[in-house]
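Asks: What follows is a single structure, and I will ask about it in a moment.
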Amino acid sequence: MARPFLILQLRPEDDAADDELAAILRYGTLAESDVRRVRLEQSGMPEIRLDDYAGIIVGGSPYDVSRPEPQKTPIQREIEAGFLRLFDAIAAVDFPFLGCCSGNGLLGKYCGATISGRFAEPVGGVDITLTAAGKQDPLLHGLPDSFRVLLGHKEAVDALPPGCVLLATGTHCPVQMFRLQNNIYATQFHPEADAEGFKVRINAYRNHGYFSPESADVLIAAVEQERTPEAQSLLRRFVQRYG
């Protein structure tokens, strides 16, 4: 691979962050030498030369974009300010970007969408449906019209961000995947997720407000039954397209 992919992570919990990276490598068919990993919650947003990378992949986060500014920690404010600068650079050249869950909120906010808890969804599996535009999109072309995904989020965009294309929708959360320009993508669901990874996250985030702590074992039993190969194929498709 001529240039590596830049993996930006925002999870303070080492076990959850390490498992997320392993899943991105596994389902993106990437070797460790194919990526550069940056944990933003430790270092903030570094200076990034886009020409050094094939694309950028952003993972999930316990940080809520919709949280009132006074309640955000200094590192969260620093990360969000860093993403605004990064999106300016990405949008200027339509640089390949895939934001998963928190990346959806960050890109949505940048594009002018309102973020709130109106379309929050509990931890688990749901079906999403491709739009007409989604069926024609290079990352989604050839996938079933509807397929299963894993997710769990306390906030989402209230409506499709201005200037973006809706690619996939859900019964409760209407914006499950969208695209800015031609190469800048965001998903509300987790394309890197599988049952084992979600078990790690359920244990890591028992007390973060995604679910009642006493329901953790029930959620783990439920996600163990989920299979989401179509969602996971998005990572491989993204890497194959831009790598």
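Chain lettering (A, B, ...) mirrors the order of the structure tokens, residue numbering begins at 1 for each chain separately, and ligand numbering begins at 1 in order of display.
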Please, which residues of segment 34-153 of chain A, numbered as in this document, come out helix (DSSP H, G or I) from DSSP, as JSON, numbers by chain?
Replies: {"A": [34, 40, 41, 42, 43, 50, 51, 52, 69, 70, 71, 74, 75, 76, 77, 78, 79, 80, 81, 82, 83, 84, 85, 86, 87, 88, 89, 90, 91, 92, 93, 102, 103, 104, 105, 106, 107, 108, 109, 110, 132, 133, 134, 135, 136]}
Asks: Mind checking which residues fall within 12 Å of Leu50 of chain A, counting only C-alpha atoms, ignoring those fewer than 2 positions away in the same chain, and posting them as a list in words?
Replies: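 Contacts, in chain order: Arg3, Pro4, Phe5, Leu6, Pro46, Glu47, Ile48, Asp52, Tyr53, Ala54, Gly55, Ile56, Leu86, Phe87, Asp88, Ala89, Ile90, Ala91, Ala92, Val93, Asp94, Phe95, Pro96 and Phe97 of chain A.
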Asks: Would you write out, as a tab-separated table, a table of all residues in segment 11-53 of chain A that have an atom no more than 9 Å from an atom of segment 58-61 of chain A, listing for each the closest atom pair and the distance in Å to one decimal, considering only C-alpha atoms and ordering rows by chain and rising residue number?
Replies:
```
residue	atom	partner	partner_atom	distance
A:Arg11	CA	A:Ser61	CA	5.1
A:Pro12	CA	A:Ser61	CA	8.2
A:Ala17	CA	A:Gly59	CA	8.7
A:Glu20	CA	A:Gly59	CA	7.3
A:Leu21	CA	A:Gly59	CA	8.3
A:Ile24	CA	A:Gly59	CA	8.7
```
Asks: Store the residues of this selection in a file with C-alpha atoms, as a CSV table (one decimal), in the first residue's frame.
Replies:
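Listed below is the output, out.csv:
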```
chain,number,residue,atom,x,y,z
A,11,ARG,CA,-12.1,6.4,23.2
A,12,PRO,CA,-10.4,7.0,26.5
A,17,ALA,CA,-9.9,1.6,21.8
A,20,GLU,CA,-12.0,-0.9,17.9
A,21,LEU,CA,-8.6,-0.6,16.1
A,24,ILE,CA,-11.0,-1.7,11.7
```
Asks: Looking at A:Asp137, A:Asp158, A:Glu78, A:Glu226, which one is nearest to Phe238 of chain A, with distances taken over only C-alpha atoms?
Replies: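 Closest candidate: A:Asp137.
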Asks: Excluding Leu107 of chain A and residues on its chain fewer than 2 positions from it, collect all residues at most 9 Å away from it, counting only C-alpha atoms, and give them as a PyMOL selection string.
Replies: chain A and resi 83-84+87+99+102-105+109-113+161+180+185-186
Asks: Please provide the set of residues having any atom within 8 Å of Ala133 of chain A, restricted to only C-alpha atoms, with same-chain residues fewer than 3 positions apart removed, written as a ChimeraX atom specification.
Replies: /A:130,136-137,165-167
Asks: Using only C-alpha atoms, can you tell me which of A:Ser146, A:Asn182, A:Ser43, A:Gln188 comes closest to Gly82 of chain A?
Replies: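 Smallest distance to Gly82 of chain A is found for A:Ser43.
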Asks: Would you mind telling me which residue in A:Glu196, A:Glu214, A:Glu155, A:Asp19 lies nearest to Val175 of chain A when using only C-alpha atoms?
Replies: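 Looking at the shortest contact to Val175 of chain A, the residue is A:Glu155.
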Asks: Tell me, as a list in words, which residues lie within 12 Å of Ala221 of chain A, counting only C-alpha atoms; anything in the same chain fewer than 5 positions away does not count.
Replies: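 Listing them by chain and then by number gives Val123, Gly124, Gly125, Ala195, Glu196, Phe198, Lys199, Ile202, Ser215, Ala216 and Glu226 of chain A.
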Asks: For Gln240 of chain A, please output as a list of chain:residue names all residues within 10 Å (counting only C-alpha atoms; exclusion window: fewer than 3 positions along the same chain).
Replies: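 Neighbouring residues, sequence-local ones excluded: A:Gly28, A:Thr29, A:Leu139, A:Leu234, A:Leu235, A:Arg236, A:Arg237, A:Gly243.
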Asks: Between A:His153, A:Leu98, A:Leu143, A:Ile184, which has the minimum distance to Val65 of chain A (counting only C-alpha atoms)?
Replies: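 Using only C-alpha atoms, Val65 of chain A sits closest to A:His153.
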Asks: What is the atom CA of Leu30 of chain A-atom CA of Gly197 of chain A distance in Å, reported with one decimal?
Replies: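 According to the coordinates, atom CA of Leu30 of chain A and atom CA of Gly197 of chain A are separated by 17.3 Å.
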